[in-house]
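A short write-up of the structure that comes next.
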Amino acid sequence: MKKMFLAVCIVFALSVAQVGAAPISSSFTGSFNTDDDVEFFNFAVTEPSLVTLRTWSYAGGTNAEGNTISAGGFDPIITLFNGTGNLIDDNDDGAGVAADPVTGAEFDAVLSIFLDIGNYTASLTQYANFAIGPNLADGFTGSGTTGFIDADGNTRTSAWAFDIVISELPEPTSIALLGLGLVSLAFTRRSIKKIN
């Protein structure tokens, strides 16, 4: 009976390990040369996942790698394209981002989206350098500013900081295995109590 209990515990531990996979994160920093620069980030999603694209350029903060990013960078825009260059979504000012300590503005960008397996491209631009059309090949509008001026007229630096965080979603079989492991563990413990 103890061997059966041990086997059930192993199955349970394996199922918990599969369901609780740690997110994969990448952090990037740099500076633009001009207001109209575009920085591209290519990444692959190997399992259906929640992907979060997040900037730290404007108000600063702690990025996914635990590094402290100074406030003062430009007002960023994130745009996401699929593997064939079709526009999926974009974000200018993300909900729930921190306020800049000098301007009080909340201009960092956050885009969280569920993505299927595939290759993707994220672009980082300065406000108001939005994607022109539904395809990456259509290009960008240009910021319309000189000297890294934000929408409120504040002069900023050319610095940017950007995170990509991929959180794999548990597969239905992993969830089922976890449930089976919990039921088996409860049944085995109950059987052991009856024997004793």
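All residue names refer to the structure tokens as shown: chains lettered A, B, ... in order, residues numbered from 1 in each chain, ligands numbered from 1 in order.
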Write out as a ChimeraX atom specification each polymer residue whose atoms come within 7 Å of Ala59 in chain A, counting only C-alpha atoms; drop sequence neighbours fewer than 6 positions from it.
/A:71-72,98-101,108
Residue subset to file, keeping N, CA, C and O atoms, as an mmCIF file, in the first residue's frame:
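The result, written out as out31.cif:
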data_model
loop_
_atom_site.group_PDB
_atom_site.id
_atom_site.type_symbol
_atom_site.label_atom_id
_atom_site.label_comp_id
_atom_site.auth_asym_id
_atom_site.auth_seq_id
_atom_site.Cartn_x
_atom_site.Cartn_y
_atom_site.Cartn_z
ATOM 1 N N ALA A 71 13.664 56.270 -14.771
ATOM 2 C CA ALA A 71 12.614 57.020 -15.460
ATOM 3 C C ALA A 71 13.248 58.050 -16.377
ATOM 4 O O ALA A 71 14.427 58.366 -16.239
ATOM 5 N N GLY A 72 12.454 58.559 -17.321
ATOM 6 C CA GLY A 72 12.924 59.655 -18.159
ATOM 7 C C GLY A 72 12.960 59.378 -19.637
ATOM 8 O O GLY A 72 13.186 60.286 -20.428
ATOM 9 N N ALA A 98 2.936 52.597 -14.032
ATOM 10 C CA ALA A 98 3.314 53.612 -13.036
ATOM 11 C C ALA A 98 3.330 55.007 -13.645
ATOM 12 O O ALA A 98 3.526 55.175 -14.846
ATOM 13 N N ALA A 99 3.150 55.983 -12.793
ATOM 14 C CA ALA A 99 3.241 57.388 -13.208
ATOM 15 C C ALA A 99 4.698 57.842 -13.146
ATOM 16 O O ALA A 99 5.428 57.480 -12.222
ATOM 17 N N ASP A 100 5.108 58.620 -14.125
ATOM 18 C CA ASP A 100 6.457 59.186 -14.128
ATOM 19 C C ASP A 100 6.613 60.116 -12.920
ATOM 20 O O ASP A 100 5.714 60.919 -12.634
ATOM 21 N N PRO A 101 7.729 60.044 -12.192
ATOM 22 C CA PRO A 101 7.895 60.876 -10.992
ATOM 23 C C PRO A 101 7.987 62.376 -11.276
ATOM 24 O O PRO A 101 7.731 63.179 -10.390
ATOM 25 N N ASP A 108 3.861 54.554 -20.179
ATOM 26 C CA ASP A 108 4.437 53.271 -20.595
ATOM 27 C C ASP A 108 3.358 52.413 -21.235
ATOM 28 O O ASP A 108 2.160 52.601 -20.991
#
With the cut-off set at 8 Å and counting only C-alpha atoms, tabulate each residue of range 34-111 of chain A with an atom at most that distance from an atom of range 146-150 of chain A, showing the nearest atom pair and its distance in Å to one decimal, ordered by chain and increasing number, as a Markdown table.
| residue | atom | partner | partner_atom | distance |
| --- | --- | --- | --- | --- |
| A:Thr34 | CA | A:Thr146 | CA | 7.9 |
| A:Asp35 | CA | A:Phe148 | CA | 5.9 |
| A:Phe74 | CA | A:Phe148 | CA | 6.0 |
| A:Asp75 | CA | A:Asp150 | CA | 5.8 |
Report as an NGL selection string all protein, DNA and RNA residues lying within 8 Å of range 132-142 of chain A, evaluated on only C-alpha atoms, omitting residues in the same chain fewer than 5 positions from it.
:A and (35-36 or 81 or 85-87)
Taking only C-alpha atoms into account, which of A:Ile78, A:Ile113, A:Val97, A:Ala44 comes nearest Gly60 in chain A?
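Using only C-alpha atoms, Gly60 in chain A sits closest to A:Val97.
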Quick one: residues within 10 Å of Val51 in chain A, only C-alpha atoms counted, chain neighbours fewer than 5 positions away excluded, as a VMD selection string?
chain A and resid 23 to 25 45 111 to 116 164 to 168
Please produce a file of those selected residues containing N, CA, C and O atoms, as a CSV table (one decimal), in the first residue's frame.
chain,number,residue,atom,x,y,z
A,23,PRO,N,7.2,31.2,-16.4
A,23,PRO,CA,7.3,32.0,-17.6
A,23,PRO,C,8.7,32.2,-18.2
A,23,PRO,O,9.6,32.1,-17.4
A,24,ILE,N,8.7,32.4,-19.5
A,24,ILE,CA,10.0,32.7,-20.1
A,24,ILE,C,10.0,34.2,-20.4
A,24,ILE,O,9.1,34.7,-21.0
A,25,SER,N,11.1,34.9,-19.9
A,25,SER,CA,11.1,36.3,-20.1
A,25,SER,C,12.4,36.8,-20.7
A,25,SER,O,13.5,36.1,-20.5
A,45,VAL,N,6.6,31.5,-30.1
A,45,VAL,CA,5.7,30.9,-29.1
A,45,VAL,C,5.6,29.4,-29.4
A,45,VAL,O,5.2,29.0,-30.5
A,111,LEU,N,1.0,45.3,-23.4
A,111,LEU,CA,0.1,44.6,-24.3
A,111,LEU,C,0.1,43.1,-23.8
A,111,LEU,O,1.2,42.5,-23.9
A,112,SER,N,-1.0,42.6,-23.3
A,112,SER,CA,-1.1,41.2,-22.9
A,112,SER,C,-2.1,40.5,-23.8
A,112,SER,O,-3.2,41.0,-23.9
A,113,ILE,N,-1.7,39.4,-24.4
A,113,ILE,CA,-2.5,38.8,-25.4
A,113,ILE,C,-2.3,37.3,-25.5
A,113,ILE,O,-1.1,36.8,-25.3
A,114,PHE,N,-3.3,36.5,-25.7
A,114,PHE,CA,-3.1,35.0,-25.8
A,114,PHE,C,-2.7,34.8,-27.3
A,114,PHE,O,-3.4,35.2,-28.2
A,115,LEU,N,-1.6,34.0,-27.4
A,115,LEU,CA,-1.1,33.7,-28.8
A,115,LEU,C,-0.9,32.2,-29.0
A,115,LEU,O,-0.6,31.5,-28.0
A,116,ASP,N,-1.2,31.8,-30.2
A,116,ASP,CA,-1.0,30.4,-30.5
A,116,ASP,C,0.5,30.1,-30.9
A,116,ASP,O,1.3,31.1,-31.0
A,164,ILE,N,9.6,41.0,-22.9
A,164,ILE,CA,8.7,40.0,-23.5
A,164,ILE,C,8.6,38.9,-22.4
A,164,ILE,O,9.6,38.3,-22.1
A,165,VAL,N,7.4,38.6,-22.0
A,165,VAL,CA,7.1,37.5,-21.0
A,165,VAL,C,6.1,36.6,-21.6
A,165,VAL,O,5.0,36.9,-21.9
A,166,ILE,N,6.6,35.3,-21.7
A,166,ILE,CA,5.7,34.3,-22.3
A,166,ILE,C,5.4,33.3,-21.2
A,166,ILE,O,6.2,32.6,-20.6
A,167,SER,N,4.1,33.2,-20.9
A,167,SER,CA,3.6,32.3,-19.9
A,167,SER,C,2.7,31.2,-20.5
A,167,SER,O,1.6,31.4,-21.0
A,168,GLU,N,3.3,30.0,-20.6
A,168,GLU,CA,2.7,28.9,-21.3
A,168,GLU,C,1.4,28.5,-20.5
A,168,GLU,O,1.4,28.5,-19.3
Could you check how far CA of Ala109 in chain A sits from CA of Arg54 in chain A, in Å to one decimal?
5.8 Å
Please report the interatomic distance between CA of Thr145 in chain A and CA of Trp160 in chain A in Å with one decimal.
16.8 Å
Distance CA of Thr103 in chain A-CA of Thr62 in chain A, one decimal place?
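Computing the Euclidean distance for CA of Thr103 in chain A and CA of Thr62 in chain A yields 19.0 Å.
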